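Encoded as structure tokens, the structure appears first; notes follow it.
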Amino acid sequence: MSLRTCAACLLFTAFPLVGLAALVLSLPRAVPSQPILVVGVPGLSNVEAMVSRAGGYPIGPTRPPLGLLVHSQDPDFLSDLRAQWPYLLLNADKLSNFMCGRNA
Amino acid sequence: MPDLFLAQSREKAAYLLLVTSSLCVFPVLLAAFITGTAPLPLVVLSVALSALALLIRRLDVGLGRVAIALALTGQIMLLTAAMQQHPWQLDIHMYFFVALGAIAAMVDLRALIVAAVAIILHHAILTVAMPGLVYGVSDATALALVERTALHGAAVILLAAALGATIHTRVRLVTAAAREQKATHAAKEAALAAEQRAAEALAETEMARSAAESARRDAEDALATGLEKTRRAEELDAVAAELKLREERRKAEDQARQGEAMDVLREALERLACGELQTRIAGTLPQTYEDLGDRFDTTLEILDNALREIRLVSGTITGETDDIAAAAVDLSHRTERQAATLEEITGSTEQLTKLIRATAEDAGKAEEVMVMTGTEAQTGAEVMNQAIAAMGEIEKSAGEVRKITSMIEDIAFQTNLLALNAGVEAARAGDAGRGFAVVASEVRALAQRSSEAANRINALIAQSGDQIERGVALVHDTGGALEKIIGTVETVTTRISKIAATSDEQATGVNGINAALRDLDRVSQQNATMFEETTAACQTLRTSAHGLSKAIQNFGTHDGDANDVGQAA
């Protein structure tokens, strides 16, 4: 195998990276008055306290595997939650049902 | 040729698909605008996919086709994501099938399989993570989503299988066509080679026929030439026989003339053996041998002259050798006498050498004795110095003694005064001091005797001092005499040393003279021996010269009689 072929094979690893970037960029951002999936830094962030300080509350009968599904009637809830510096805030309404969505 | 055509077709399809992938950025941008999605990230990713495919194609053409397939499917995925939540999002899936069909145009199974696997993975992953990006719904049940994914995946697999079969068939047909074309080409090459070999064989046959014709003509020419040569050889044989007869007659005549010349030569040589050097044969030989007679006469003439010269020289040599022999005998006697004289001189010089050596030894001994004398005189001078020092010490001690006696005189004077005072006091005391007066008189008498004794000691010391001064003067004189003796001894020692050195040099010189005389004696004896040998050689030479004269007298020369008369006289 020549050096050029090796380099070409190495470049193929960029395709999954492009896919991953597309996936991350396509994740639905949280919007006010809709359920939010709050993802904190594992082991460092206390997500429940963060939500409580922002004036929100957890929803759903069970806790999803990633983060915490929360909601609030307060129009400033989303901005207050962003001020707590969570890792991710996603629109739970558009996420998969069986992963982290509101019907989990 | 089919291979080339297939490769060109693949490259052209790959190029078109790469262009298509690059152009996909516009539908993606349009979809983002329609759905309100942020367009910039999608545009960047779309351009990145095309750039990756182009780069990989530059590095490796085969892998470039796979990269183009991935880029094209990635563009459809981006288009689907851009149509997120749009009612037509599901319809965009048709373009996955379009992309697979277009990828099949590159006739590369690897690219087709990779594209199909990428589509299936895309559906599977997004079914789990973001169904809205695939199907535009997010509230369907999990089972429904999996079923839809399975349905779509099956469709993709079926389409990929159909397209793969098509590609495989095409490749197989192209391979078969290429193989057939190669076989046809090989057969054509073989036919051309066979035709060329046939042409070469025909040319070789023609050349062989021409060579055979030429050889036949050469053989006929050679036969005619052989017959002509045979005829000429017979003619030459006849001429040679006639020449041979003439040569035999000429040889017989030459042999007769040669016999006659040999007879004349034999007779002349017999006369020459008898010592007749006046013999001449010129004019008696046949005409062809005239030069032989002339050379013979010339040789005898030269020989006659040479013998005449030898006779004269041998007479001279005989006279000279007689003189040399007489002189050699005289010189030999003189040399013997000279050798005897040299031997006597050698004996005298050896005796002289012994005497000089004895003188040198005596001078050496005298030098040793004088050195010892000088040493002893030096010791005597040192003793004299010590005696002078001792005299000085004695004189010093005498001065001390004089001081003591002076002090004794003072004491005696004081004692005398005291005794006188004591006598006066004893007289004043009367009878009570009478005994004391006696003692005082005795003390006074003792003081007077002490004073007298001290005066005598002073006189003796003064006398002793005069004697010491005279002794010191004498010792000084003795030391001066000893120093003069030491100087004289050193002078005598130096002169004796010079005498000893001169005697050694004389002995060495006389030894050299002895050696030279011995060499001279040896050379003289050798000369005497050589003169004896020379005398013997002269005698032998004289005898040989007489023998030579007698031998030459056997030959008669033109003036031989006159010389014989001279010799006899």
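Chain identifiers are assigned as A, B, and so on, following the order in which chains appear in the structure tokens; residues are numbered from 1 within each chain, and ligands are numbered from 1 in order of appearance.
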
Write out as an MDAnalysis selection string all residues of segment 67-101 of chain A that backbone DSSP assigns to helix (DSSP H, G or I). chainID A and resid 77:82 92:94

Suppose we keep N, CA and C atoms; can you now write the selection as a PDB file, in the first residue's frame?
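Heads up, here's the output in result.pdb:
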```pdb
ATOM      1  N   PHE A  77     -37.999  31.479  32.163  1.00  0.00           N
ATOM      2  CA  PHE A  77     -37.377  30.247  32.659  1.00  0.00           C
ATOM      3  C   PHE A  77     -36.155  29.831  31.810  1.00  0.00           C
ATOM      4  N   LEU A  78     -36.357  29.926  30.493  1.00  0.00           N
ATOM      5  CA  LEU A  78     -35.258  29.464  29.619  1.00  0.00           C
ATOM      6  C   LEU A  78     -34.000  30.336  29.787  1.00  0.00           C
ATOM      7  N   SER A  79     -34.207  31.650  29.857  1.00  0.00           N
ATOM      8  CA  SER A  79     -33.041  32.527  30.013  1.00  0.00           C
ATOM      9  C   SER A  79     -32.380  32.331  31.380  1.00  0.00           C
ATOM     10  N   ASP A  80     -33.240  32.120  32.426  1.00  0.00           N
ATOM     11  CA  ASP A  80     -32.667  31.869  33.752  1.00  0.00           C
ATOM     12  C   ASP A  80     -31.891  30.553  33.777  1.00  0.00           C
ATOM     13  N   LEU A  81     -32.437  29.575  33.078  1.00  0.00           N
ATOM     14  CA  LEU A  81     -31.738  28.275  33.039  1.00  0.00           C
ATOM     15  C   LEU A  81     -30.405  28.378  32.285  1.00  0.00           C
ATOM     16  N   ARG A  82     -30.378  29.163  31.227  1.00  0.00           N
ATOM     17  CA  ARG A  82     -29.129  29.347  30.474  1.00  0.00           C
ATOM     18  C   ARG A  82     -28.078  30.046  31.348  1.00  0.00           C
ATOM     19  N   ALA A  92     -37.328  19.063  23.872  1.00  0.00           N
ATOM     20  CA  ALA A  92     -37.724  17.670  24.123  1.00  0.00           C
ATOM     21  C   ALA A  92     -38.886  17.256  23.246  1.00  0.00           C
ATOM     22  N   ASP A  93     -39.601  18.246  22.722  1.00  0.00           N
ATOM     23  CA  ASP A  93     -40.760  17.919  21.909  1.00  0.00           C
ATOM     24  C   ASP A  93     -40.347  17.296  20.578  1.00  0.00           C
ATOM     25  N   LYS A  94     -39.150  17.622  20.121  1.00  0.00           N
ATOM     26  CA  LYS A  94     -38.700  17.118  18.808  1.00  0.00           C
ATOM     27  C   LYS A  94     -37.724  15.957  18.928  1.00  0.00           C
TER      28      LYS A  94
END
```

Show me, as a short mmCIF file (atom, residue, chain, number, x, y, z; two decimals) with C-alpha atoms, in the first residue's frame, the residues that have an atom within 8 Å of Val70 of chain A when counting only C-alpha atoms, minus same-chain residues fewer than 4 positions from it.
```
data_model
loop_
_atom_site.label_atom_id
_atom_site.label_comp_id
_atom_site.auth_asym_id
_atom_site.auth_seq_id
_atom_site.Cartn_x
_atom_site.Cartn_y
_atom_site.Cartn_z
CA PRO A 35 -40.55 20.92 27.51
CA ILE A 36 -36.77 21.10 27.78
CA LEU A 37 -34.18 18.36 28.16
CA VAL A 38 -31.45 19.73 30.42
CA VAL A 51 -33.74 23.90 37.41
CA GLY A 56 -38.77 25.20 36.80
CA TYR A 57 -39.75 21.66 37.78
CA PRO A 58 -39.10 18.12 36.50
CA ILE A 59 -41.85 16.43 34.51
#
```

Worksheet entry | Test item, strand (DSSP E) assignment across segment 19-101 of chain A, answer as a ChimeraX atom specification | /A:36-39,57-58,68-71,88-91

File of the preceding selection, N, CA and C atoms, as a tab-separated table (two decimals), in the first residue's frame:
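Result written to result.tsv:
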```tsv
chain	number	residue	atom	x	y	z
A	36	ILE	N	-38.21	20.96	28.06
A	36	ILE	CA	-36.77	21.10	27.78
A	36	ILE	C	-36.03	19.91	28.39
A	37	LEU	N	-35.08	19.39	27.61
A	37	LEU	CA	-34.18	18.36	28.16
A	37	LEU	C	-32.89	19.07	28.58
A	38	VAL	N	-32.64	19.05	29.90
A	38	VAL	CA	-31.45	19.73	30.42
A	38	VAL	C	-30.35	18.66	30.62
A	39	VAL	N	-29.23	18.87	29.98
A	39	VAL	CA	-28.09	17.93	30.11
A	39	VAL	C	-26.94	18.69	30.80
A	57	TYR	N	-39.50	22.88	36.99
A	57	TYR	CA	-39.75	21.66	37.78
A	57	TYR	C	-39.64	20.47	36.83
A	58	PRO	N	-39.20	19.32	37.35
A	58	PRO	CA	-39.10	18.12	36.50
A	58	PRO	C	-40.48	17.59	36.12
A	68	LEU	N	-32.34	15.76	32.42
A	68	LEU	CA	-33.60	15.87	33.17
A	68	LEU	C	-34.61	16.61	32.29
A	69	LEU	N	-35.85	16.06	32.20
A	69	LEU	CA	-36.91	16.68	31.41
A	69	LEU	C	-37.67	17.66	32.32
A	70	VAL	N	-37.65	18.94	31.93
A	70	VAL	CA	-38.22	19.95	32.83
A	70	VAL	C	-39.18	20.86	32.05
A	71	HIS	N	-39.97	21.65	32.84
A	71	HIS	CA	-40.92	22.59	32.22
A	71	HIS	C	-41.22	23.70	33.23
A	88	LEU	N	-26.22	21.23	27.86
A	88	LEU	CA	-27.07	21.31	26.66
A	88	LEU	C	-28.52	21.59	27.10
A	89	LEU	N	-29.21	22.37	26.24
A	89	LEU	CA	-30.64	22.57	26.46
A	89	LEU	C	-31.33	22.25	25.13
A	90	LEU	N	-32.09	21.14	25.08
A	90	LEU	CA	-32.69	20.67	23.83
A	90	LEU	C	-34.22	20.72	23.93
A	91	ASN	N	-34.81	20.82	22.70
A	91	ASN	CA	-36.28	20.82	22.63
A	91	ASN	C	-36.75	19.39	22.74
```

Quick one: residues within 9 Å of segment 336-345 of chain B, only C-alpha atoms counted, chain neighbours fewer than 4 positions away excluded, as a ChimeraX atom specification?
/B:331-332,349-350,514,517-518,520-525,527-528

Residues of segment 390-508 of chain B within 9 Å of segment 367-371 of chain B: nearest atom pair and distance (Å, one decimal) for each, counting only C-alpha atoms, sorted by chain and number, as a tab-separated table?
```
residue	atom	partner	partner_atom	distance
B:Val489	CA	B:Met370	CA	6.2
B:Glu490	CA	B:Val371	CA	7.6
B:Val492	CA	B:Met370	CA	7.3
B:Thr493	CA	B:Glu367	CA	5.4
B:Thr494	CA	B:Glu367	CA	8.0
B:Arg495	CA	B:Glu367	CA	8.7
B:Ile496	CA	B:Glu367	CA	5.7
B:Ser497	CA	B:Glu367	CA	6.2
B:Ala500	CA	B:Glu367	CA	8.3
```

Deliver the residues from the most recent selection as a file, using C-alpha atoms, as a PDB file, in the first residue's frame.
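Saved as result-v9.pdb:
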```
ATOM      1  CA  VAL B 489     108.468  21.135  46.480  1.00  0.00           C
ATOM      2  CA  GLU B 490     105.441  22.127  44.389  1.00  0.00           C
ATOM      3  CA  VAL B 492     109.839  20.339  41.700  1.00  0.00           C
ATOM      4  CA  THR B 493     106.676  18.218  41.650  1.00  0.00           C
ATOM      5  CA  THR B 494     105.331  20.121  38.628  1.00  0.00           C
ATOM      6  CA  ARG B 495     108.597  19.742  36.763  1.00  0.00           C
ATOM      7  CA  ILE B 496     108.843  16.039  37.600  1.00  0.00           C
ATOM      8  CA  SER B 497     105.235  15.627  36.382  1.00  0.00           C
ATOM      9  CA  ALA B 500     107.012  11.993  33.440  1.00  0.00           C
TER      10      ALA B 500
END
```

With distances taken over only C-alpha atoms, the candidate from B:Leu126, B:Ile388, B:Ala326, B:Leu63 nearest Val472 of chain B is B:Ile388

- Interatomic distance (Å, one decimal) between atom CA of Gly40 of chain A and atom CA of Pro28 of chain A: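 Pair atom CA of Gly40 of chain A / atom CA of Pro28 of chain A returns 16.7 Å.
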
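When atom CA of Val18 of chain A is paired with atom CA of Ile157 of chain B, their separation reads 23.8 Å.
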
Atom pair atom CA of Gly479 of chain B + atom CA of Thr379 of chain B, distance 10.9 Å

- Within 9 Å of Arg402 of chain B, counting only C-alpha atoms, which residues qualify if same-chain residues fewer than 6 places away don't, as a list of chain:residue names?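 In the requested format, the answer is B:Ala454, B:Ile457, B:Asn458, B:Ile461, B:Ala462.
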
For the selection you just gave me, I'd like the residues written to a file as an mmCIF file, in the first residue's frame, keeping N, CA and C atoms.
```cif
data_model
loop_
_atom_site.group_PDB
_atom_site.id
_atom_site.type_symbol
_atom_site.label_atom_id
_atom_site.label_comp_id
_atom_site.auth_asym_id
_atom_site.auth_seq_id
_atom_site.Cartn_x
_atom_site.Cartn_y
_atom_site.Cartn_z
ATOM 1 N N ALA B 454 106.720 37.886 95.194
ATOM 2 C CA ALA B 454 105.990 38.426 94.020
ATOM 3 C C ALA B 454 106.937 39.146 93.071
ATOM 4 N N ILE B 457 108.750 36.565 91.142
ATOM 5 C CA ILE B 457 107.861 35.984 90.094
ATOM 6 C C ILE B 457 107.776 36.950 88.920
ATOM 7 N N ASN B 458 107.643 38.240 89.215
ATOM 8 C CA ASN B 458 107.563 39.219 88.126
ATOM 9 C C ASN B 458 108.815 39.198 87.273
ATOM 10 N N ILE B 461 108.748 36.108 85.208
ATOM 11 C CA ILE B 461 107.741 36.230 84.126
ATOM 12 C C ILE B 461 108.266 37.145 83.028
ATOM 13 N N ALA B 462 108.959 38.228 83.455
ATOM 14 C CA ALA B 462 109.510 39.122 82.428
ATOM 15 C C ALA B 462 110.545 38.402 81.598
#
```

List the neighbours of segment 307-320 of chain B out to 7 Å using only C-alpha atoms; skip same-chain residues closer than 4 positions along the sequence, and give me the result as a PDB file with N, CA and C atoms, in the first residue's frame.
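What ended up in around-v2.pdb:
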```pdb
ATOM      1  N   LEU B 303     103.463 -12.500 -43.387  1.00  0.00           N
ATOM      2  CA  LEU B 303     104.039 -13.417 -42.393  1.00  0.00           C
ATOM      3  C   LEU B 303     105.550 -13.282 -42.363  1.00  0.00           C
ATOM      4  N   ILE B 324     118.013  -6.618 -17.030  1.00  0.00           N
ATOM      5  CA  ILE B 324     117.032  -6.587 -15.923  1.00  0.00           C
ATOM      6  C   ILE B 324     117.372  -7.620 -14.872  1.00  0.00           C
ATOM      7  N   ARG B 542     114.326 -14.559 -20.215  1.00  0.00           N
ATOM      8  CA  ARG B 542     115.505 -14.619 -21.076  1.00  0.00           C
ATOM      9  C   ARG B 542     115.582 -15.959 -21.796  1.00  0.00           C
ATOM     10  N   ALA B 545     113.019 -15.962 -24.528  1.00  0.00           N
ATOM     11  CA  ALA B 545     113.431 -15.138 -25.662  1.00  0.00           C
ATOM     12  C   ALA B 545     114.445 -15.875 -26.519  1.00  0.00           C
ATOM     13  N   HIS B 546     115.407 -16.572 -25.872  1.00  0.00           N
ATOM     14  CA  HIS B 546     116.363 -17.379 -26.636  1.00  0.00           C
ATOM     15  C   HIS B 546     115.657 -18.445 -27.425  1.00  0.00           C
ATOM     16  N   LEU B 548     112.564 -18.412 -28.492  1.00  0.00           N
ATOM     17  CA  LEU B 548     111.829 -17.782 -29.587  1.00  0.00           C
ATOM     18  C   LEU B 548     112.763 -17.469 -30.752  1.00  0.00           C
ATOM     19  N   SER B 549     113.937 -16.961 -30.466  1.00  0.00           N
ATOM     20  CA  SER B 549     114.896 -16.649 -31.521  1.00  0.00           C
ATOM     21  C   SER B 549     115.282 -17.898 -32.292  1.00  0.00           C
ATOM     22  N   ILE B 552     112.355 -18.973 -34.537  1.00  0.00           N
ATOM     23  CA  ILE B 552     112.165 -18.129 -35.716  1.00  0.00           C
ATOM     24  C   ILE B 552     113.261 -18.383 -36.747  1.00  0.00           C
TER      25      ILE B 552
END
```

In terms of only C-alpha atoms, the residue from A:Leu44, A:Met1, A:Arg53, A:Phe12 at minimal distance from chain B is A:Phe12

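Residue nearest Asp74 of chain A within the list A:Ala54, A:Tyr87, A:Asn46, A:Leu20: A:Ala54 [criterion: smallest interatomic distance, only C-alpha atoms].
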
Please list as a CSV table (one decimal) with N, CA and C atoms, in the first residue's frame every residue within 9 Å of Val43 of chain B, counting only C-alpha atoms and excluding residues in the same chain fewer than 2 positions away.
```csv
chain,number,residue,atom,x,y,z
B,25,VAL,N,-25.0,21.8,-3.1
B,25,VAL,CA,-25.0,22.8,-2.1
B,25,VAL,C,-26.2,23.8,-2.3
B,26,PHE,N,-26.6,23.9,-3.6
B,26,PHE,CA,-27.7,24.8,-3.9
B,26,PHE,C,-29.1,24.3,-3.4
B,28,VAL,N,-29.5,22.2,-1.0
B,28,VAL,CA,-29.5,22.2,0.5
B,28,VAL,C,-29.7,23.7,1.0
B,29,LEU,N,-29.2,24.6,0.3
B,29,LEU,CA,-29.4,26.0,0.7
B,29,LEU,C,-30.8,26.4,0.5
B,39,PRO,N,-28.7,28.1,7.6
B,39,PRO,CA,-28.1,27.5,6.3
B,39,PRO,C,-26.6,27.4,6.4
B,40,LEU,N,-25.9,28.2,7.1
B,40,LEU,CA,-24.5,28.2,7.0
B,40,LEU,C,-23.8,26.9,7.4
B,41,PRO,N,-24.2,26.3,8.5
B,41,PRO,CA,-23.6,25.0,8.9
B,41,PRO,C,-23.8,24.0,7.8
B,45,LEU,N,-20.9,22.1,5.6
B,45,LEU,CA,-20.8,20.6,5.6
B,45,LEU,C,-20.9,20.1,4.1
B,46,SER,N,-21.8,20.7,3.3
B,46,SER,CA,-21.9,20.2,2.0
B,46,SER,C,-20.6,20.4,1.2
B,47,VAL,N,-20.1,21.6,1.3
B,47,VAL,CA,-18.8,21.9,0.6
B,47,VAL,C,-17.7,21.0,1.1
B,48,ALA,N,-17.7,20.7,2.4
B,48,ALA,CA,-16.7,19.9,3.0
B,48,ALA,C,-16.7,18.4,2.4
B,78,LEU,N,-27.8,15.6,4.0
B,78,LEU,CA,-27.9,17.0,4.4
B,78,LEU,C,-29.2,17.6,3.9
```
